[in-house]
Amino acid sequence: MKNIVDAVTYHEERLSAENIGDLITLHAAVYRRILPLDFFQRKYDTAYTGVSYIGFIAYNDRQPIAFYGVIPCLMSCNKRVTLSAQSADTMTHPDYRKKGLFVKLAEQTFELCRETGIHIIFGFPNQNSLPGFVQQLNWQINETMDCFIIPVKTIPLERISVKFPVLKAWYSGYQQRVLKKYATHQQADISSVLSDGYDGLLRNTRYLDYKKYTNTQLIVICGAVFWIKINNGLLIGDANVRADNFAQAMPALIKLAGRLGLKQIQFHTSSGTKLHTLFAARYPSIPSFPVIVKILGGSLPVDQIKFTFADIDIF
């Protein structure tokens with residue numbers, strides 16, 4: 001059925017394996033960048049949770065003009081496994097902005113979440129989209145995460161390889177050769193917030209397998225396990241580290257980042273966690289992502305939910 005929002009005639013389709021390729025077309029129109037064909041397929045195929053492809057695409061005829069989607073995940077909340085979802089991609093074609101499509105697609109997605117048993121949605125919006133979530137869709141601001149940025153003195157090999165594509169393959173190979181010494185193939189759960197006694201995402205083996213679409217990896221250094229990604233620096237998603245080896249592990253990690261030609265290490269986390277305490281004692285922080293939540297049914301103690309960088313879909 002066709003709908004009209006602010007003089008735009010459109011119809012919507014639920015996200016599926018058949019139409020997900022249209023997100024590549026829409027993303028290119030919005031961001032002027034072409035992603036790998038299987039990127040969104042791997043991102044929204046969350047079969048390990050029991051549900052997949054939660055979102056809606058709006059079309060004008062067959063042209064994709066807007067999308068809103070969430071990523072199902074499993075959360076330990078009040079000591080119960082709770083089907084949850086992260087608010088993820090929000091895209092509107094430049095020719096169709098400020099016409100109400102975002103709100104309409106979001107409301108449809110929330111109803112689909114209720115139908116599929118998703119109880120809570122959380123998100124990390126930028127400052128441009130935050131007002132829309134709070135004022136138009138009644139999301140609750142739960143907290144603001146902190147970001148720790150640690151500068152690294154090095155020859156910026158990563159940046160050089162980006163500027164000179166002929167070096168890209170060489171740098172990728174060099175990167176893997178250096179990291180091979182520290183790589184671990186363990187598939188153990190890694191969730192510092194759960195270890196601290198807070199509520200948070202369950203990162204079991206199936207979750208870690210799913211997250212491989214983002215090219216992350218686990219490394220061990222000075223007895224500490226770091227979940228990292230290399231993208232404009234060394235990004236720490238989460239870590240299993242003790243207070244007694246943090247002082248040795250971080251200088252070693254900084255040295256490793258230097259060998260890799262990375263100009264900074266970056267980590268985001270909720271306040272009150274053990275990792276926040278350890279980082280804050282050594283490094284300055286700045287306000288990071290706002291954390292917003294939307295409860296879709298019942299009541300949940302959201303004040304006990306904590307996050308790290310690994311929980312954000314860009315990691």
# chains A, B, ... in the order shown; residues from 1 in each chain; ligands from 1
>>> closest_atom_pairs(of="segment 208-253 of chain A", to="segment 168-181 of chain A", cutoff="10 Å", atoms="only C-alpha atoms", output="tab-separated table")
residue	atom	partner	partner_atom	distance
A:Gln217	CA	A:Leu179	CA	9.5
A:Leu218	CA	A:Leu179	CA	9.8
A:Ile219	CA	A:Leu179	CA	7.7
A:Val220	CA	A:Lys181	CA	9.0
A:Ile221	CA	A:Lys181	CA	9.5
A:Ile230	CA	A:Gln175	CA	9.3
>>> write_last_selection(atoms="N, CA and C atoms", output="CSV table (one decimal), in the first residue's frame")
chain,number,residue,atom,x,y,z
A,217,GLN,N,39.6,-8.3,16.0
A,217,GLN,CA,40.3,-9.5,16.4
A,217,GLN,C,40.7,-9.3,17.9
A,218,LEU,N,41.0,-10.5,18.5
A,218,LEU,CA,41.4,-10.6,19.9
A,218,LEU,C,42.9,-10.7,19.9
A,219,ILE,N,43.6,-10.0,20.8
A,219,ILE,CA,45.0,-10.1,21.0
A,219,ILE,C,45.3,-10.2,22.4
A,220,VAL,N,46.4,-10.9,22.8
A,220,VAL,CA,46.9,-11.0,24.2
A,220,VAL,C,48.2,-10.3,24.3
A,221,ILE,N,48.3,-9.4,25.3
A,221,ILE,CA,49.5,-8.7,25.5
A,221,ILE,C,49.7,-8.5,27.0
A,230,ILE,N,41.5,-2.0,13.8
A,230,ILE,CA,42.3,-0.9,13.3
A,230,ILE,C,41.5,-0.1,12.2
>>> residues_around(residues="segment 150-157 of chain A", least_positions_apart="4", cutoff="8 Å", atoms="only C-alpha atoms", output="VMD selection string")
chain A and resid 161 171 254 257 to 266 283
>>> write_last_selection(atoms="N, CA, C and O atoms", output="tab-separated table (two decimals), in the first residue's frame")
chain	number	residue	atom	x	y	z
A	161	SER	N	49.22	4.83	3.89
A	161	SER	CA	48.66	3.80	3.02
A	161	SER	C	47.29	4.19	2.48
A	161	SER	O	46.90	3.77	1.39
A	171	TYR	N	50.66	-2.59	3.38
A	171	TYR	CA	50.40	-2.26	4.78
A	171	TYR	C	49.50	-3.30	5.43
A	171	TYR	O	49.72	-3.68	6.59
A	254	ILE	N	50.61	0.51	23.53
A	254	ILE	CA	51.01	1.76	22.87
A	254	ILE	C	52.22	1.50	21.97
A	254	ILE	O	52.30	2.00	20.84
A	257	ALA	N	51.01	-0.24	18.89
A	257	ALA	CA	50.37	0.71	17.98
A	257	ALA	C	51.43	1.49	17.20
A	257	ALA	O	51.27	1.77	16.01
A	258	GLY	N	52.53	1.84	17.88
A	258	GLY	CA	53.62	2.55	17.20
A	258	GLY	C	54.24	1.72	16.09
A	258	GLY	O	54.52	2.23	15.01
A	259	ARG	N	54.46	0.44	16.38
A	259	ARG	CA	55.00	-0.46	15.35
A	259	ARG	C	54.08	-0.56	14.14
A	259	ARG	O	54.54	-0.71	13.00
A	260	LEU	N	52.78	-0.46	14.39
A	260	LEU	CA	51.80	-0.55	13.32
A	260	LEU	C	51.59	0.78	12.59
A	260	LEU	O	50.82	0.85	11.63
A	261	GLY	N	52.26	1.81	13.05
A	261	GLY	CA	52.12	3.11	12.40
A	261	GLY	C	50.78	3.76	12.65
A	261	GLY	O	50.24	4.47	11.79
A	262	LEU	N	50.23	3.57	13.86
A	262	LEU	CA	48.92	4.12	14.22
A	262	LEU	C	49.12	5.31	15.15
A	262	LEU	O	49.82	5.20	16.15
A	263	LYS	N	48.48	6.42	14.87
A	263	LYS	CA	48.74	7.66	15.58
A	263	LYS	C	48.01	7.78	16.91
A	263	LYS	O	48.30	8.68	17.70
A	264	GLN	N	47.07	6.88	17.17
A	264	GLN	CA	46.35	6.99	18.44
A	264	GLN	C	45.69	5.66	18.81
A	264	GLN	O	45.48	4.78	17.97
A	265	ILE	N	45.40	5.54	20.11
A	265	ILE	CA	44.57	4.46	20.64
A	265	ILE	C	43.31	5.12	21.17
A	265	ILE	O	43.36	6.18	21.80
A	266	GLN	N	42.18	4.49	20.91
A	266	GLN	CA	40.91	5.08	21.32
A	266	GLN	C	40.03	4.04	22.01
A	266	GLN	O	39.96	2.89	21.57
A	283	TYR	N	44.71	8.44	31.96
A	283	TYR	CA	44.51	9.20	30.72
A	283	TYR	C	43.30	10.13	30.84
A	283	TYR	O	42.31	9.79	31.48
>>> select_by_dssp(residues="segment 77-241 of chain A", states="alpha helix (DSSP H)", output="ChimeraX atom specification")
/A:101-115,130-131,137,157-163,168-180,192-195,205-210
>>> write_last_selection(atoms="N, CA and C atoms", output="tab-separated table (two decimals), in the first residue's frame")
chain	number	residue	atom	x	y	z
A	101	LEU	N	9.94	10.84	6.86
A	101	LEU	CA	10.17	9.42	6.58
A	101	LEU	C	10.86	8.72	7.74
A	102	PHE	N	11.80	9.39	8.38
A	102	PHE	CA	12.52	8.78	9.50
A	102	PHE	C	11.57	8.35	10.60
A	103	VAL	N	10.67	9.23	11.01
A	103	VAL	CA	9.74	8.92	12.09
A	103	VAL	C	8.81	7.78	11.69
A	104	LYS	N	8.29	7.82	10.47
A	104	LYS	CA	7.36	6.77	10.03
A	104	LYS	C	8.03	5.40	10.01
A	105	LEU	N	9.23	5.32	9.45
A	105	LEU	CA	9.93	4.04	9.38
A	105	LEU	C	10.34	3.56	10.77
A	106	ALA	N	10.75	4.49	11.64
A	106	ALA	CA	11.12	4.11	13.00
A	106	ALA	C	9.92	3.53	13.74
A	107	GLU	N	8.77	4.17	13.63
A	107	GLU	CA	7.58	3.67	14.34
A	107	GLU	C	7.19	2.29	13.84
A	108	GLN	N	7.30	2.05	12.54
A	108	GLN	CA	7.01	0.72	12.00
A	108	GLN	C	8.01	-0.31	12.52
A	109	THR	N	9.26	0.10	12.61
A	109	THR	CA	10.29	-0.82	13.10
A	109	THR	C	10.06	-1.15	14.57
A	110	PHE	N	9.66	-0.18	15.37
A	110	PHE	CA	9.38	-0.45	16.78
A	110	PHE	C	8.24	-1.46	16.92
A	111	GLU	N	7.22	-1.33	16.08
A	111	GLU	CA	6.10	-2.27	16.13
A	111	GLU	C	6.57	-3.68	15.73
A	112	LEU	N	7.43	-3.76	14.73
A	112	LEU	CA	8.00	-5.05	14.34
A	112	LEU	C	8.82	-5.65	15.47
A	113	CYS	N	9.56	-4.80	16.18
A	113	CYS	CA	10.33	-5.27	17.34
A	113	CYS	C	9.39	-5.90	18.38
A	114	ARG	N	8.29	-5.26	18.66
A	114	ARG	CA	7.34	-5.81	19.63
A	114	ARG	C	6.82	-7.16	19.16
A	115	GLU	N	6.50	-7.25	17.86
A	115	GLU	CA	5.95	-8.50	17.32
A	115	GLU	C	6.95	-9.64	17.38
A	130	LEU	N	20.22	13.01	17.60
A	130	LEU	CA	19.73	12.85	18.97
A	130	LEU	C	18.39	13.56	19.21
A	131	PRO	N	18.19	14.82	18.79
A	131	PRO	CA	16.91	15.47	19.06
A	131	PRO	C	15.72	14.73	18.47
A	137	LEU	N	10.46	10.65	19.08
A	137	LEU	CA	10.22	9.21	19.28
A	137	LEU	C	10.27	8.79	20.74
A	157	LEU	N	52.03	5.13	9.26
A	157	LEU	CA	51.93	4.20	8.13
A	157	LEU	C	50.49	4.01	7.67
A	158	GLU	N	49.56	3.95	8.62
A	158	GLU	CA	48.17	3.74	8.22
A	158	GLU	C	47.68	4.90	7.36
A	159	ARG	N	47.92	6.12	7.79
A	159	ARG	CA	47.48	7.29	7.04
A	159	ARG	C	48.16	7.36	5.68
A	160	ILE	N	49.44	7.03	5.62
A	160	ILE	CA	50.18	7.04	4.35
A	160	ILE	C	49.57	6.03	3.39
A	161	SER	N	49.22	4.83	3.89
A	161	SER	CA	48.66	3.80	3.02
A	161	SER	C	47.29	4.19	2.48
A	162	VAL	N	46.55	5.02	3.23
A	162	VAL	CA	45.26	5.50	2.75
A	162	VAL	C	45.45	6.51	1.63
A	163	LYS	N	46.44	7.38	1.78
A	163	LYS	CA	46.70	8.41	0.76
A	163	LYS	C	47.30	7.83	-0.51
A	168	LYS	N	48.45	0.03	0.00
A	168	LYS	CA	47.41	-0.56	0.83
A	168	LYS	C	47.64	-2.04	1.08
A	169	ALA	N	47.93	-2.80	0.04
A	169	ALA	CA	48.14	-4.24	0.18
A	169	ALA	C	49.37	-4.52	1.03
A	170	TRP	N	50.43	-3.74	0.81
A	170	TRP	CA	51.65	-3.93	1.61
A	170	TRP	C	51.36	-3.69	3.08
A	171	TYR	N	50.66	-2.59	3.38
A	171	TYR	CA	50.40	-2.26	4.78
A	171	TYR	C	49.50	-3.30	5.43
A	172	SER	N	48.51	-3.79	4.71
A	172	SER	CA	47.63	-4.82	5.26
A	172	SER	C	48.42	-6.07	5.63
A	173	GLY	N	49.33	-6.48	4.75
A	173	GLY	CA	50.17	-7.64	5.04
A	173	GLY	C	51.10	-7.39	6.21
A	174	TYR	N	51.69	-6.20	6.26
A	174	TYR	CA	52.58	-5.84	7.37
A	174	TYR	C	51.82	-5.86	8.69
A	175	GLN	N	50.63	-5.31	8.68
A	175	GLN	CA	49.80	-5.26	9.87
A	175	GLN	C	49.53	-6.66	10.42
A	176	GLN	N	49.17	-7.57	9.54
A	176	GLN	CA	48.86	-8.93	9.98
A	176	GLN	C	50.10	-9.68	10.47
A	177	ARG	N	51.24	-9.40	9.85
A	177	ARG	CA	52.48	-10.04	10.30
A	177	ARG	C	52.83	-9.60	11.71
A	178	VAL	N	52.66	-8.32	12.00
A	178	VAL	CA	52.96	-7.80	13.34
A	178	VAL	C	51.98	-8.36	14.36
A	179	LEU	N	50.70	-8.39	14.03
A	179	LEU	CA	49.67	-8.82	14.98
A	179	LEU	C	49.67	-10.34	15.21
A	180	LYS	N	50.25	-11.08	14.28
A	180	LYS	CA	50.23	-12.54	14.40
A	180	LYS	C	50.86	-13.01	15.71
A	192	SER	N	33.52	-7.00	29.79
A	192	SER	CA	34.00	-6.45	31.06
A	192	SER	C	32.85	-5.95	31.92
A	193	VAL	N	31.77	-5.44	31.30
A	193	VAL	CA	30.68	-4.89	32.12
A	193	VAL	C	29.93	-6.00	32.87
A	194	LEU	N	29.80	-7.17	32.24
A	194	LEU	CA	29.18	-8.29	32.95
A	194	LEU	C	30.08	-8.77	34.08
A	195	SER	N	31.37	-8.77	33.83
A	195	SER	CA	32.31	-9.17	34.88
A	195	SER	C	32.26	-8.21	36.06
A	205	THR	N	30.30	-17.17	21.90
A	205	THR	CA	31.01	-17.57	20.68
A	205	THR	C	30.24	-17.19	19.43
A	206	ARG	N	28.93	-17.39	19.44
A	206	ARG	CA	28.12	-17.08	18.25
A	206	ARG	C	28.11	-15.57	17.98
A	207	TYR	N	28.12	-14.78	19.03
A	207	TYR	CA	28.17	-13.33	18.86
A	207	TYR	C	29.51	-12.92	18.24
A	208	LEU	N	30.61	-13.48	18.76
A	208	LEU	CA	31.93	-13.14	18.22
A	208	LEU	C	32.06	-13.56	16.77
A	209	ASP	N	31.46	-14.71	16.41
A	209	ASP	CA	31.47	-15.13	15.01
A	209	ASP	C	30.70	-14.13	14.14
A	210	TYR	N	29.57	-13.67	14.63
A	210	TYR	CA	28.77	-12.69	13.90
A	210	TYR	C	29.55	-11.39	13.69
>>> select_by_dssp(residues="segment 132-263 of chain A", states="strand (DSSP E)", output="MDAnalysis selection string")
chainID A and resid 140:151 200:201 217:221 224:230 234:240
>>> residues_around(residues="segment 303-309 of chain A", least_positions_apart="3", cutoff="6 Å", atoms="only C-alpha atoms", output="PyMOL selection string")
chain A and resi 198-200+237+268-270+312
>>> write_last_selection(atoms="N, CA and C atoms", output="PDB file, in the first residue's frame")
ATOM      1  N   TYR A 198      27.445  -5.522  36.147  1.00  0.00           N
ATOM      2  CA  TYR A 198      26.412  -4.716  35.500  1.00  0.00           C
ATOM      3  C   TYR A 198      25.636  -5.561  34.484  1.00  0.00           C
ATOM      4  N   ASP A 199      24.559  -4.994  33.961  1.00  0.00           N
ATOM      5  CA  ASP A 199      23.859  -5.584  32.827  1.00  0.00           C
ATOM      6  C   ASP A 199      24.560  -5.139  31.549  1.00  0.00           C
ATOM      7  N   GLY A 200      24.502  -5.989  30.519  1.00  0.00           N
ATOM      8  CA  GLY A 200      25.154  -5.646  29.261  1.00  0.00           C
ATOM      9  C   GLY A 200      24.969  -6.729  28.236  1.00  0.00           C
ATOM     10  N   GLY A 237      37.775  -2.313  21.678  1.00  0.00           N
ATOM     11  CA  GLY A 237      36.351  -2.540  21.879  1.00  0.00           C
ATOM     12  C   GLY A 237      36.040  -2.902  23.316  1.00  0.00           C
ATOM     13  N   HIS A 268      36.116   3.812  24.239  1.00  0.00           N
ATOM     14  CA  HIS A 268      34.903   4.428  24.772  1.00  0.00           C
ATOM     15  C   HIS A 268      34.286   3.470  25.796  1.00  0.00           C
ATOM     16  N   THR A 269      33.798   4.022  26.898  1.00  0.00           N
ATOM     17  CA  THR A 269      33.167   3.163  27.897  1.00  0.00           C
ATOM     18  C   THR A 269      32.237   3.967  28.797  1.00  0.00           C
ATOM     19  N   SER A 270      31.312   3.247  29.434  1.00  0.00           N
ATOM     20  CA  SER A 270      30.438   3.865  30.429  1.00  0.00           C
ATOM     21  C   SER A 270      31.230   4.169  31.693  1.00  0.00           C
ATOM     22  N   ILE A 312      29.010  -0.762  20.061  1.00  0.00           N
ATOM     23  CA  ILE A 312      28.556   0.170  19.042  1.00  0.00           C
ATOM     24  C   ILE A 312      28.794  -0.431  17.664  1.00  0.00           C
TER      25      ILE A 312
END
>>> residues_around(residues="Lys98 of chain A", least_positions_apart="4", cutoff="12 Å", atoms="only C-alpha atoms", output="mmCIF file with N, CA and C atoms, in the first residue's frame")
data_model
loop_
_atom_site.group_PDB
_atom_site.id
_atom_site.type_symbol
_atom_site.label_atom_id
_atom_site.label_comp_id
_atom_site.auth_asym_id
_atom_site.auth_seq_id
_atom_site.Cartn_x
_atom_site.Cartn_y
_atom_site.Cartn_z
ATOM 1 N N VAL A 5 3.687 11.068 2.826
ATOM 2 C CA VAL A 5 4.242 11.842 3.931
ATOM 3 C C VAL A 5 4.816 13.119 3.351
ATOM 4 N N ASP A 6 4.238 14.254 3.749
ATOM 5 C CA ASP A 6 4.716 15.559 3.272
ATOM 6 C C ASP A 6 4.911 15.568 1.756
ATOM 7 N N ALA A 7 3.859 15.139 1.062
ATOM 8 C CA ALA A 7 3.802 15.170 -0.412
ATOM 9 C C ALA A 7 4.740 14.167 -1.093
ATOM 10 N N VAL A 8 5.293 13.218 -0.343
ATOM 11 C CA VAL A 8 6.109 12.166 -0.942
ATOM 12 C C VAL A 8 5.285 10.880 -0.982
ATOM 13 N N ALA A 66 14.723 5.835 1.775
ATOM 14 C CA ALA A 66 14.971 5.968 3.213
ATOM 15 C C ALA A 66 15.019 4.587 3.839
ATOM 16 N N MET A 91 19.054 6.267 7.283
ATOM 17 C CA MET A 91 19.488 6.902 6.036
ATOM 18 C C MET A 91 18.274 7.453 5.283
ATOM 19 N N THR A 92 18.409 8.681 4.810
ATOM 20 C CA THR A 92 17.391 9.277 3.951
ATOM 21 C C THR A 92 18.079 9.918 2.756
ATOM 22 N N HIS A 93 17.606 9.587 1.575
ATOM 23 C CA HIS A 93 18.168 10.140 0.342
ATOM 24 C C HIS A 93 18.137 11.667 0.416
ATOM 25 N N PRO A 94 19.185 12.346 -0.058
ATOM 26 C CA PRO A 94 19.228 13.811 0.025
ATOM 27 C C PRO A 94 18.001 14.509 -0.562
ATOM 28 N N PHE A 102 11.800 9.393 8.375
ATOM 29 C CA PHE A 102 12.525 8.781 9.495
ATOM 30 C C PHE A 102 11.566 8.353 10.604
ATOM 31 N N VAL A 103 10.674 9.234 11.007
ATOM 32 C CA VAL A 103 9.745 8.921 12.091
ATOM 33 C C VAL A 103 8.813 7.779 11.693
ATOM 34 N N LYS A 104 8.286 7.821 10.470
ATOM 35 C CA LYS A 104 7.358 6.767 10.031
ATOM 36 C C LYS A 104 8.034 5.401 10.008
ATOM 37 N N GLY A 132 15.876 14.146 17.288
ATOM 38 C CA GLY A 132 14.783 13.412 16.673
ATOM 39 C C GLY A 132 14.366 12.203 17.487
#
